[in-house]
$ cat upload05.cif   # mmCIF, C-alpha atoms
data_target
#
loop_
_atom_site.label_atom_id
_atom_site.label_comp_id
_atom_site.auth_asym_id
_atom_site.auth_seq_id
_atom_site.Cartn_x
_atom_site.Cartn_y
_atom_site.Cartn_z
CA MET P 115 99.99 121.02 135.84
CA ARG P 116 99.86 120.43 139.58
CA ALA P 117 99.68 123.26 142.08
CA LEU P 118 101.54 121.77 145.00
CA ALA P 119 101.65 123.75 148.19
CA THR P 120 105.36 123.13 148.47
CA ILE P 121 108.11 121.24 146.65
CA ALA P 122 109.35 117.75 147.51
CA ILE P 123 110.67 117.51 151.03
CA LEU P 124 114.43 117.38 151.26
CA ALA P 125 114.27 115.27 154.37
CA LEU P 126 112.57 112.52 152.40
CA ALA P 127 115.33 112.59 149.82
CA VAL P 128 117.78 111.83 152.61
CA LEU P 129 115.73 108.72 153.35
CA GLN P 130 116.74 107.23 150.02
CA ALA P 131 120.31 106.61 151.13
CA GLN P 132 121.25 104.70 154.27
CA PRO P 133 124.69 105.84 155.54
CA PRO P 134 127.17 103.13 154.53
CA ALA P 135 129.14 101.14 157.08
CA ASN P 136 132.48 102.81 157.85
CA SER P 137 135.40 100.40 157.95
CA ALA P 138 137.90 103.08 158.97
CA ALA P 139 138.93 103.82 162.56
CA PRO P 140 135.95 102.98 164.79
CA GLY P 141 133.75 105.96 165.49
CA ARG P 142 135.74 108.42 163.39
CA GLY P 143 134.51 110.35 160.39
CA ARG P 144 136.67 111.95 157.73
CA GLY P 145 137.05 115.24 159.48
CA PRO P 146 136.52 117.02 162.78
CA GLY P 147 132.97 117.38 163.97
CA ARG P 148 131.47 120.56 165.37
CA GLY P 149 131.64 120.48 169.14
CA GLY P 150 133.87 117.41 169.32
CA PRO P 151 135.49 114.63 167.30
CA ALA P 152 133.79 113.29 164.19
CA VAL P 153 131.51 110.37 164.98
CA VAL P 154 129.86 107.79 162.69
CA SER P 155 126.42 106.63 163.82
CA PRO P 156 124.67 104.37 163.09
CA GLN P 157 127.09 101.91 161.49
CA ILE P 158 125.91 98.58 160.07
CA GLU P 159 128.58 95.98 160.72
CA THR P 160 129.47 93.05 158.46
CA ASP P 161 127.83 90.59 160.86
CA GLY P 162 124.52 92.46 160.75
CA ARG P 163 124.86 94.11 164.14
CA VAL P 164 124.55 97.89 164.34
CA THR P 165 126.86 100.21 166.26
CA PHE P 166 125.58 103.49 167.73
CA ARG P 167 127.78 106.37 168.87
CA ILE P 168 127.28 109.72 170.50
CA TYR P 169 129.74 112.33 171.74
CA ALA P 170 128.74 113.08 175.33
CA PRO P 171 131.91 113.57 177.42
CA GLN P 172 130.09 114.84 180.53
CA ALA P 173 127.40 112.12 180.58
CA SER P 174 127.22 109.47 183.29
CA THR P 175 124.86 107.11 181.49
CA VAL P 176 123.75 106.70 177.86
CA THR P 177 121.22 104.18 176.55
CA VAL P 178 119.67 103.41 173.17
CA ASN P 179 115.87 103.27 173.21
CA GLY P 180 113.00 102.79 170.77
CA ASP P 181 111.69 99.97 168.62
CA ILE P 182 115.24 99.02 167.67
CA ALA P 183 114.93 96.37 170.40
CA GLY P 184 112.12 94.73 168.45
CA GLY P 185 114.31 94.75 165.36
CA LEU P 186 116.89 92.34 166.73
CA VAL P 187 117.07 88.91 165.13
CA ARG P 188 115.52 86.54 167.65
CA GLU P 189 117.52 83.75 169.16
CA GLU P 190 116.41 80.18 168.51
CA GLY P 191 113.41 79.37 170.70
CA GLN P 192 112.75 83.02 171.60
CA ASP P 193 109.15 84.12 171.13
CA ALA P 194 108.08 87.32 169.39
CA ALA P 195 107.48 89.13 172.68
CA GLY P 196 110.93 88.48 174.04
CA GLY P 197 114.08 90.41 173.30
CA ALA P 198 116.63 92.83 174.55
CA GLY P 199 115.47 96.15 175.88
CA ARG P 200 112.03 94.83 176.88
CA GLY P 201 112.55 93.87 180.47
CA GLY P 202 115.86 92.22 179.53
CA PRO P 203 119.37 93.43 178.79
CA PRO P 204 119.88 96.60 176.70
CA ALA P 205 119.66 96.16 172.95
CA ALA P 206 122.99 97.96 172.54
CA PRO P 207 124.99 98.41 175.78
CA MET P 208 126.86 101.72 175.66
CA THR P 209 130.29 102.47 177.12
CA LYS P 210 132.36 105.67 177.12
CA SER P 211 135.90 105.98 175.76
CA ALA P 212 138.57 108.35 176.99
CA ASP P 213 137.72 110.96 174.33
CA GLY P 214 134.08 111.20 175.44
CA ILE P 215 132.52 109.05 172.72
CA TRP P 216 129.89 106.59 173.90
CA SER P 217 129.51 103.56 171.66
CA GLY P 218 127.72 100.24 171.67
CA SER P 219 126.75 97.51 169.24
CA THR P 220 123.49 95.60 169.24
CA ILE P 221 123.80 92.26 170.99
CA ARG P 222 122.45 90.53 167.89
CA ALA P 223 122.03 91.35 164.21
CA VAL P 224 119.21 93.73 163.26
CA LYS P 225 116.54 92.51 160.86
CA PRO P 226 116.07 94.29 157.51
CA GLY P 227 113.56 97.12 157.69
CA ALA P 228 113.18 100.54 159.29
CA TRP P 229 113.67 101.01 163.02
CA ARG P 230 113.22 104.09 165.17
CA TYR P 231 115.55 104.87 168.05
CA THR P 232 116.71 107.65 170.37
CA PHE P 233 119.51 108.17 172.86
CA ASN P 234 118.84 108.80 176.53
CA VAL P 235 121.67 110.88 177.96
CA ASP P 236 121.46 111.22 181.75
CA GLY P 237 117.67 111.15 181.53
CA VAL P 238 117.37 113.44 178.52
CA THR P 239 116.03 111.96 175.27
CA THR P 240 117.75 113.09 172.09
CA VAL P 241 118.05 112.07 168.46
CA ASP P 242 121.27 110.77 166.97
CA SER P 243 122.84 114.01 165.75
CA ARG P 244 125.10 112.10 163.33
CA ASN P 245 122.15 110.53 161.55
CA GLY P 246 120.26 112.75 159.12
CA MET P 247 117.27 110.40 158.88
CA THR P 248 114.41 111.03 161.30
CA SER P 249 110.81 109.93 161.75
CA PRO P 250 108.50 112.29 163.69
CA SER P 251 105.58 110.94 165.69
CA GLN P 252 102.85 112.74 167.64
CA THR P 253 105.06 113.14 170.71
CA GLN P 254 108.67 113.19 169.54
CA VAL P 255 111.18 113.05 166.74
CA GLN P 256 113.17 109.82 166.54
CA SER P 257 116.19 108.82 164.52
CA LEU P 258 115.64 106.26 161.79
CA LEU P 259 117.81 103.27 160.99
CA VAL P 260 117.17 101.55 157.67
CA VAL P 261 118.70 98.10 157.30
CA PRO P 262 118.64 96.88 153.68
CA GLY P 263 117.66 93.36 152.70
CA ASP P 264 113.88 93.26 152.36
CA PHE P 265 111.11 94.59 150.12
CA SER P 266 111.25 98.06 151.74
CA GLU P 267 114.90 98.79 151.00
CA THR P 268 116.00 101.50 148.59
CA ARG P 269 116.97 99.80 145.35
CA ASP P 270 118.45 100.98 142.07
CA VAL P 271 115.06 101.21 140.39
CA PRO P 272 113.06 104.16 139.04
CA HIS P 273 111.79 106.23 141.94
CA GLY P 274 108.75 108.43 142.31
CA ALA P 275 108.54 111.67 144.25
CA VAL P 276 107.08 112.42 147.67
CA SER P 277 105.70 115.91 148.15
CA GLN P 278 104.29 117.76 151.11
CA VAL P 279 100.96 119.36 150.26
CA ARG P 280 99.44 122.08 152.41
CA TYR P 281 95.80 123.03 152.08
CA VAL P 282 92.91 124.60 153.96
CA ALA P 283 90.17 122.21 155.11
CA SER P 284 86.75 123.80 154.86
CA ALA P 285 85.22 120.86 156.76
CA LEU P 286 87.42 121.70 159.74
CA GLY P 287 86.66 125.40 159.96
CA ASN P 288 89.33 126.35 157.40
CA ALA P 289 92.07 124.69 159.42
CA ARG P 290 95.52 124.57 157.86
CA ARG P 291 96.32 120.97 157.03
CA GLU P 292 98.99 118.88 155.35
CA MET P 293 99.28 115.58 153.55
CA TYR P 294 102.07 113.77 151.74
CA VAL P 295 101.61 112.62 148.17
CA CYS P 296 103.74 109.98 146.46
CA THR P 297 103.60 109.98 142.66
CA PRO P 298 104.97 107.11 140.54
CA PRO P 299 108.23 107.35 138.56
CA ASP P 300 108.14 109.81 135.63
CA TYR P 301 104.74 111.17 136.68
CA GLU P 302 105.94 114.73 135.96
CA LYS P 303 107.03 113.81 132.43
CA GLY P 304 103.89 111.97 131.40
CA THR P 305 100.21 112.47 130.78
CA GLY P 306 98.83 109.22 132.16
CA ILE P 307 95.84 108.94 134.49
CA TYR P 308 96.47 107.09 137.76
CA PRO P 309 94.32 105.57 140.51
CA VAL P 310 94.83 106.72 144.11
CA LEU P 311 95.50 104.85 147.34
CA TYR P 312 94.59 106.91 150.41
CA LEU P 313 96.82 105.60 153.21
CA ILE P 314 96.21 106.68 156.82
CA HIS P 315 98.64 106.49 159.76
CA GLY P 316 97.91 105.35 163.32
CA GLY P 317 97.10 107.29 166.48
CA GLY P 318 100.68 107.79 167.63
CA ASP P 319 101.98 108.98 164.28
CA THR P 320 101.62 111.77 161.72
CA ALA P 321 101.03 112.25 158.02
CA ILE P 322 104.73 111.80 157.28
CA SER P 323 105.06 108.45 159.07
CA TRP P 324 104.10 106.26 156.10
CA SER P 325 106.89 107.83 154.02
CA THR P 326 109.56 107.58 156.75
CA VAL P 327 109.33 104.52 159.00
CA GLY P 328 106.54 103.12 156.80
CA ARG P 329 108.75 103.14 153.68
CA ALA P 330 105.65 103.42 151.48
CA ASN P 331 107.43 105.08 148.56
CA ASP P 332 110.21 102.47 148.39
CA ILE P 333 107.75 99.60 148.80
CA LEU P 334 105.70 100.87 145.84
CA ASP P 335 108.76 101.66 143.72
CA ASN P 336 110.11 98.14 144.23
CA LEU P 337 106.76 96.51 143.45
CA LEU P 338 106.48 98.58 140.27
CA ALA P 339 109.98 97.61 139.18
CA GLU P 340 109.02 93.95 139.71
CA LYS P 341 105.78 94.52 137.75
CA LYS P 342 103.79 93.28 140.73
CA ALA P 343 101.63 96.37 141.23
CA LYS P 344 99.83 98.93 139.11
CA PRO P 345 101.28 102.47 139.04
CA MET P 346 99.32 104.58 141.50
CA ILE P 347 99.34 107.82 143.43
CA VAL P 348 99.57 107.36 147.20
CA VAL P 349 98.03 110.08 149.37
CA MET P 350 99.02 110.05 153.05
CA PRO P 351 96.79 112.48 154.97
CA SER P 352 96.81 113.52 158.60
CA GLY P 353 94.31 111.36 160.49
CA TRP P 354 94.42 113.61 163.50
CA THR P 355 92.12 116.62 163.24
CA PRO P 356 92.22 119.84 165.29
CA SER P 357 89.29 118.69 167.43
CA GLY P 358 90.73 115.19 167.92
CA GLY P 359 89.29 112.56 170.23
CA GLN P 360 86.30 111.45 168.15
CA VAL P 361 88.25 109.25 165.75
CA MET P 362 87.80 105.98 167.67
CA THR P 363 84.01 105.91 167.49
CA SER P 364 82.07 103.76 165.00
CA ASP P 365 79.83 106.70 164.13
CA ALA P 366 81.39 108.22 161.02
CA THR P 367 79.31 111.37 161.41
CA LYS P 368 81.17 112.12 164.66
CA ASP P 369 84.62 111.70 163.14
CA PRO P 370 85.71 115.02 161.62
CA PHE P 371 88.20 113.21 159.40
CA ASN P 372 85.30 111.59 157.54
CA ALA P 373 83.97 114.99 156.49
CA GLU P 374 87.45 116.25 155.64
CA MET P 375 88.12 113.27 153.40
CA LEU P 376 84.93 113.81 151.40
CA LYS P 377 84.82 117.61 151.30
CA ASP P 378 88.49 118.53 151.11
CA ILE P 379 90.98 115.71 150.51
CA LEU P 380 89.24 113.91 147.64
CA PRO P 381 88.34 117.16 145.80
CA TYR P 382 91.88 118.52 146.23
CA VAL P 383 93.56 115.38 144.93
CA GLU P 384 91.16 114.97 142.03
CA SER P 385 91.57 118.58 140.93
CA HIS P 386 95.36 118.75 141.30
CA TYR P 387 96.49 115.30 140.14
CA ARG P 388 95.85 113.22 137.05
CA THR P 389 93.25 110.80 138.35
CA ARG P 390 89.60 109.96 137.76
CA ALA P 391 86.88 110.97 140.21
CA ALA P 392 85.47 107.45 140.33
CA ALA P 393 85.23 104.67 142.91
CA ASP P 394 87.19 102.26 140.70
CA SER P 395 90.15 104.63 140.95
CA ARG P 396 90.07 104.93 144.75
CA ALA P 397 91.43 102.66 147.50
CA LEU P 398 91.39 103.39 151.24
CA SER P 399 93.63 101.84 153.87
CA GLY P 400 94.85 102.65 157.35
CA LEU P 401 96.44 101.18 160.44
CA SER P 402 95.19 101.17 164.02
CA MET P 403 93.35 104.50 164.45
CA GLY P 404 93.61 104.88 160.68
CA GLY P 405 92.03 101.45 160.34
CA ILE P 406 88.96 102.61 162.24
CA GLN P 407 88.84 105.70 160.00
CA THR P 408 89.09 103.37 157.01
CA LEU P 409 86.09 101.39 158.26
CA ASN P 410 84.08 104.50 159.10
CA THR P 411 84.80 106.46 155.94
CA GLY P 412 84.92 103.53 153.54
CA LEU P 413 81.84 101.65 154.73
CA HIS P 414 79.63 104.56 155.79
CA ASN P 415 80.25 106.15 152.37
CA LEU P 416 79.93 102.85 150.55
CA GLY P 417 80.54 103.27 146.83
CA THR P 418 83.15 106.00 147.24
CA PHE P 419 86.07 103.56 147.47
CA ARG P 420 86.18 100.22 145.66
CA TYR P 421 89.10 98.83 147.66
CA ILE P 422 89.34 98.80 151.48
CA ALA P 423 92.24 97.42 153.54
CA VAL P 424 92.28 97.47 157.35
CA MET P 425 95.52 97.01 159.27
CA SER P 426 95.65 96.09 162.97
CA SER P 427 92.28 97.58 163.78
CA GLY P 428 88.62 97.11 164.63
CA TRP P 429 86.12 99.01 166.74
CA ILE P 430 87.26 98.72 170.33
CA SER P 431 84.08 98.30 172.34
CA GLU P 432 81.16 95.94 171.83
CA ASP P 433 78.82 98.94 172.12
CA ASP P 434 80.57 100.61 169.18
CA ARG P 435 80.40 97.44 167.13
CA GLN P 436 76.71 96.96 167.83
CA PHE P 437 76.03 100.62 166.97
CA PHE P 438 77.64 100.11 163.56
CA TYR P 439 75.84 96.83 162.85
CA LYS P 440 72.51 98.49 163.65
CA THR P 441 72.93 101.83 161.87
CA GLU P 442 74.64 100.33 158.79
CA ALA P 443 72.50 97.18 158.63
CA ALA P 444 71.06 97.94 155.19
CA LYS P 445 74.49 98.36 153.61
CA ILE P 446 76.28 95.29 154.98
CA PRO P 447 74.59 92.83 152.54
CA THR P 448 75.80 94.98 149.62
CA TYR P 449 79.52 94.97 150.52
CA ASN P 450 80.37 92.13 148.13
CA ALA P 451 78.81 94.00 145.21
CA LYS P 452 80.24 97.41 146.12
CA LEU P 453 83.79 96.38 147.03
CA LYS P 454 86.33 94.70 144.77
CA LEU P 455 88.59 94.10 147.77
CA PHE P 456 87.88 93.98 151.51
CA TRP P 457 91.14 93.04 153.22
CA TRP P 458 92.19 92.76 156.88
CA GLY P 459 95.58 92.09 158.48
CA TRP P 460 96.86 91.80 162.07
CA GLY P 461 99.70 90.37 164.13
CA GLN P 462 99.53 87.26 166.30
CA THR P 463 100.15 89.33 169.44
CA ASP P 464 98.44 92.46 168.11
CA ILE P 465 96.51 94.50 170.68
CA ALA P 466 93.83 94.99 168.02
CA ARG P 467 93.59 91.32 167.05
CA ALA P 468 90.51 90.51 169.14
CA ASN P 469 88.67 93.64 168.01
CA GLY P 470 89.30 92.90 164.36
CA LEU P 471 88.33 89.24 164.64
CA ALA P 472 85.06 90.17 166.35
CA VAL P 473 84.07 92.42 163.44
CA ILE P 474 85.25 89.96 160.80
CA ASP P 475 83.25 87.15 162.39
CA THR P 476 80.05 89.23 162.38
CA PHE P 477 80.52 90.35 158.79
CA ARG P 478 81.28 86.83 157.58
CA LYS P 479 78.16 85.49 159.25
CA GLN P 480 76.27 87.91 157.02
CA GLY P 481 78.04 86.63 153.93
CA VAL P 482 80.65 89.37 153.55
CA LYS P 483 83.81 88.22 151.75
CA ILE P 484 86.98 89.39 153.52
CA GLU P 485 90.57 88.45 152.72
CA THR P 486 92.68 88.13 155.87
CA MET P 487 96.32 87.82 156.84
CA GLU P 488 97.84 87.05 160.24
CA THR P 489 101.56 87.62 160.72
CA PRO P 490 103.99 87.04 163.60
CA GLY P 491 104.54 89.95 165.98
CA GLY P 492 102.20 92.65 167.16
CA HIS P 493 101.06 96.22 166.72
CA GLU P 494 104.15 97.46 164.91
CA TRP P 495 105.52 99.01 161.75
CA ALA P 496 107.31 95.80 160.80
CA ASN P 497 103.86 94.30 160.20
CA TRP P 498 102.25 97.34 158.60
CA ARG P 499 104.97 97.46 155.96
CA ILE P 500 104.26 93.79 155.21
CA TYR P 501 100.56 94.57 154.83
CA LEU P 502 101.17 97.41 152.38
CA HIS P 503 103.46 95.11 150.40
CA GLU P 504 100.71 92.48 150.38
CA VAL P 505 97.80 94.79 149.55
CA ALA P 506 99.29 97.07 146.89
CA PRO P 507 99.47 94.32 144.21
CA LYS P 508 95.75 93.58 144.76
CA LEU P 509 94.62 97.12 143.99
CA PHE P 510 93.12 98.45 140.77
CA ARG P 511 93.02 95.07 139.02
#

$ encode --input "upload05.cif" --output "structure tokens"
Amino acid sequence: MRALATIAILALAVLQAQPPANSAAPGRGRGPGRGGPAVVSPQIETDGRVTFRIYAPQASTVTVNGDIAGGLVREEGQDAAGGAGRGGPPAAPMTKSADGIWSGSTIRAVKPGAWRYTFNVDGVTTVDSRNGMTSPSQTQVQSLLVVPGDFSETRDVPHGAVSQVRYVASALGNARREMYVCTPPDYEKGTGIYPVLYLIHGGGDTAISWSTVGRANDILDNLLAEKKAKPMIVVMPSGWTPSGGQVMTSDATKDPFNAEMLKDILPYVESHYRTRAAADSRALSGLSMGGIQTLNTGLHNLGTFRYIAVMSSGWISEDDRQFFYKTEAAKIPTYNAKLKLFWWGWGQTDIARANGLAVIDTFRKQGVKIETMETPGGHEWANWRIYLHEVAPKLFR
């Protein structure tokens, strides 16, 4: 019934299973590796620390980099900004053994969740070749560590499917585009009609980020199994457009993604998936850059989406904010009637906190009802996963 541009991505299937801790000889797999001894990496230890390994016999120095440093359990009295690897000691000091294997364990346990990391080998950045899970961003591919124990873990519950969809965007001069679509469990076997959450990534990421480091599919699957959320389709488009650059303005007419959403993405989804072409069946959310696109597309085209959720975002400059308040003045008093949910979340040390609060304050002074949530930490995936987990149960009620 659906004409997908391609079948479900095998790489995403790998994401469903975190490599188990290996209690055999440290750093050894079950057989010889290609180009050297077999190596297990990453390995979650019984005390919650994580051991990383890489075979690099000729290397002089090896370090572990990425947001893994922010994933360490904080020591008592340590604030959210502190931690290993951020001006302090390495998160996982690496040493080389006689057989050329570098290994190191995190200095503290790693919190549950998804954490990106890379190795730096004598100044060259590389992924962990023993780890099949990766998470591409705009500038690089990073390895992905998934530590079970929170709402984003892979559980033994019914799972939906994540598919890569390729299409041609007429609004972007027939540019070739892609998005990722998560359907609920047993979607292929049924005939039910589902609402759609359109979920946009941030400026440093790509369309696949929400289904790798964002763990969107597992978060929704777990909520469904707990009967805390309505079954829904989740569409994760590419916020970056070929022209780029314009996305941070408050003028929706200058953001090419706005036109693509209306002219290409919505029509494609509503003609290829079992959903209704109605505002009550549409929700729009995004983080950082995607949060600005959520504001632009959702509020400029008021009545297209009934649910709007902004994560770690807000127009950056006062000039942009004033432009929006002036050009959209007639619509602002109607937000409460047009939106069933207007939600906003940010971290205590979030770089976008001040921008978001400035917009929220102005809207509230005009009587707009906005649900808000402030969490510890900053502009990071650990928070954005929390926000999705918080927002999803509020949709389509």

$ resolve_selection --input "upload05.cif" --expression "the PyMOL selection byres ((chain P and resi 371) around 9)" --output "list in words"
Ala285, Leu286, Ser352, Gly353, Trp354, Thr355, Val361, Ala366, Lys368, Asp369, Pro370, Asn372, Ala373, Glu374, Met375, Leu376, Gln407 and Thr411 of chain P

$ resolve_selection --input "upload05.cif" --expression "the PyMOL selection byres ((chain P and resi 389) around 8)" --output "number ranges by chain"
P: 307-310, 384, 387-388, 390-391, 395

$ write_last_selection --input "upload05.cif" --atoms "C-alpha atoms" --output "PDB file, keeping the file's coordinate frame"
ATOM      1  CA  ILE P 307      95.840 108.940 134.490  1.00  0.00           C
ATOM      2  CA  TYR P 308      96.470 107.090 137.760  1.00  0.00           C
ATOM      3  CA  PRO P 309      94.320 105.570 140.510  1.00  0.00           C
ATOM      4  CA  VAL P 310      94.830 106.720 144.110  1.00  0.00           C
ATOM      5  CA  GLU P 384      91.160 114.970 142.030  1.00  0.00           C
ATOM      6  CA  TYR P 387      96.490 115.300 140.140  1.00  0.00           C
ATOM      7  CA  ARG P 388      95.850 113.220 137.050  1.00  0.00           C
ATOM      8  CA  ARG P 390      89.600 109.960 137.760  1.00  0.00           C
ATOM      9  CA  ALA P 391      86.880 110.970 140.210  1.00  0.00           C
ATOM     10  CA  SER P 395      90.150 104.630 140.950  1.00  0.00           C
TER      11      SER P 395
END

$ resolve_selection --input "upload05.cif" --expression "the PyMOL selection byres ((chain P and resi 265) around 7)" --output "JSON, numbers by chain"
{"P": [264, 266, 267, 333, 336]}

$ closest_residue --input "upload05.cif" --among "P:Gly237, P:Gly492, P:Pro299, P:Gly400" --to "P:Val349" --atoms "only C-alpha atoms"
P:Gly400

$ atom_distance --input "upload05.cif" --atom1 "atom CA of P:Pro207" --atom2 "atom CA of P:Val178"
7.8 Å

$ residues_near_point --input "upload05.cif" --point "(93.2, 102.6, 165.7)" --cutoff "7 Å" --atoms "all atoms listed in the file" --output "PyMOL selection string"
chain P and resi 316-317+362+401-406+427

$ write_last_selection --input "upload05.cif" --atoms "C-alpha atoms" --output "CSV table (one decimal), in the frame of the given file"
chain,number,residue,atom,x,y,z
P,316,GLY,CA,97.9,105.4,163.3
P,317,GLY,CA,97.1,107.3,166.5
P,362,MET,CA,87.8,106.0,167.7
P,401,LEU,CA,96.4,101.2,160.4
P,402,SER,CA,95.2,101.2,164.0
P,403,MET,CA,93.4,104.5,164.4
P,404,GLY,CA,93.6,104.9,160.7
P,405,GLY,CA,92.0,101.4,160.3
P,406,ILE,CA,89.0,102.6,162.2
P,427,SER,CA,92.3,97.6,163.8

$ residues_around --input "upload05.cif" --residues "stretch 271-275 of chain P" --least-positions-apart "6" --cutoff "6 Å" --atoms "all atoms listed in the file" --output "PDB file with C-alpha atoms, keeping the file's coordinate frame"
ATOM      1  CA  CYS P 296     103.740 109.980 146.460  1.00  0.00           C
ATOM      2  CA  THR P 297     103.600 109.980 142.660  1.00  0.00           C
ATOM      3  CA  PRO P 298     104.970 107.110 140.540  1.00  0.00           C
ATOM      4  CA  PRO P 299     108.230 107.350 138.560  1.00  0.00           C
ATOM      5  CA  ASP P 335     108.760 101.660 143.720  1.00  0.00           C
TER       6      ASP P 335
END

$ residues_around --input "upload05.cif" --residues "P:His414" --least-positions-apart "3" --cutoff "10 Å" --atoms "all atoms listed in the file" --output "PyMOL selection string"
chain P and resi 364-367+372+408-411+417-418+438+441-442+445-446

$ atom_distance --input "upload05.cif" --atom1 "atom CA of P:Ile422" --atom2 "atom CA of P:Met350"
14.9 Å

$ atom_distance --input "upload05.cif" --atom1 "atom CA of P:Gly328" --atom2 "atom CA of P:Arg188"
21.8 Å

$ closest_residue --input "upload05.cif" --among "P:Ala392, P:Ala212, P:Leu338, P:Ala289" --to "P:Ser357" --atoms "only C-alpha atoms"
P:Ala289

$ closest_residue --input "upload05.cif" --among "P:Leu334, P:Gly304, P:Ser323, P:Val176" --to "P:Arg269" --atoms "all atoms listed in the file"
P:Leu334

$ closest_residue --input "upload05.cif" --among "P:Gly428, P:Gly491, P:Gly459, P:Gly185" --to "P:Ala472" --atoms "only C-alpha atoms"
P:Gly428

$ residues_around --input "upload05.cif" --residues "P:Asn469" --least-positions-apart "2" --cutoff "9 Å" --atoms "only C-alpha atoms" --output "list of chain:residue names"
P:Ser426, P:Ser427, P:Gly428, P:Trp429, P:Ile430, P:Ser431, P:Glu432, P:Ile465, P:Ala466, P:Arg467, P:Leu471, P:Ala472, P:Val473, P:Ile474

$ closest_residue --input "upload05.cif" --among "P:Arg290, P:Arg230, P:Lys454, P:Arg420" --to "P:Lys483" --atoms "only C-alpha atoms"
P:Lys454

$ residues_around --input "upload05.cif" --residues "stretch 251-263 of chain P" --least-positions-apart "3" --cutoff "7 Å" --atoms "only C-alpha atoms" --output "list in words"
Gln132, Lys225, Pro226, Gly227, Ala228, Trp229, Arg230, Tyr231, Thr232, Val241, Asp242, Asn245, Met247, Thr248, Glu267, Gly318, Asp319 and Thr320 of chain P

$ closest_residue --input "upload05.cif" --among "P:Thr363, P:Ser217, P:Thr463, P:Thr209" --to "P:Arg435" --atoms "only C-alpha atoms"
P:Thr363

$ residues_around --input "upload05.cif" --residues "stretch 213-215 of chain P" --least-positions-apart "2" --cutoff "6 Å" --atoms "all atoms listed in the file" --output "list in words"
Ile168, Tyr169, Ala170, Pro171, Lys210 and Ser211 of chain P
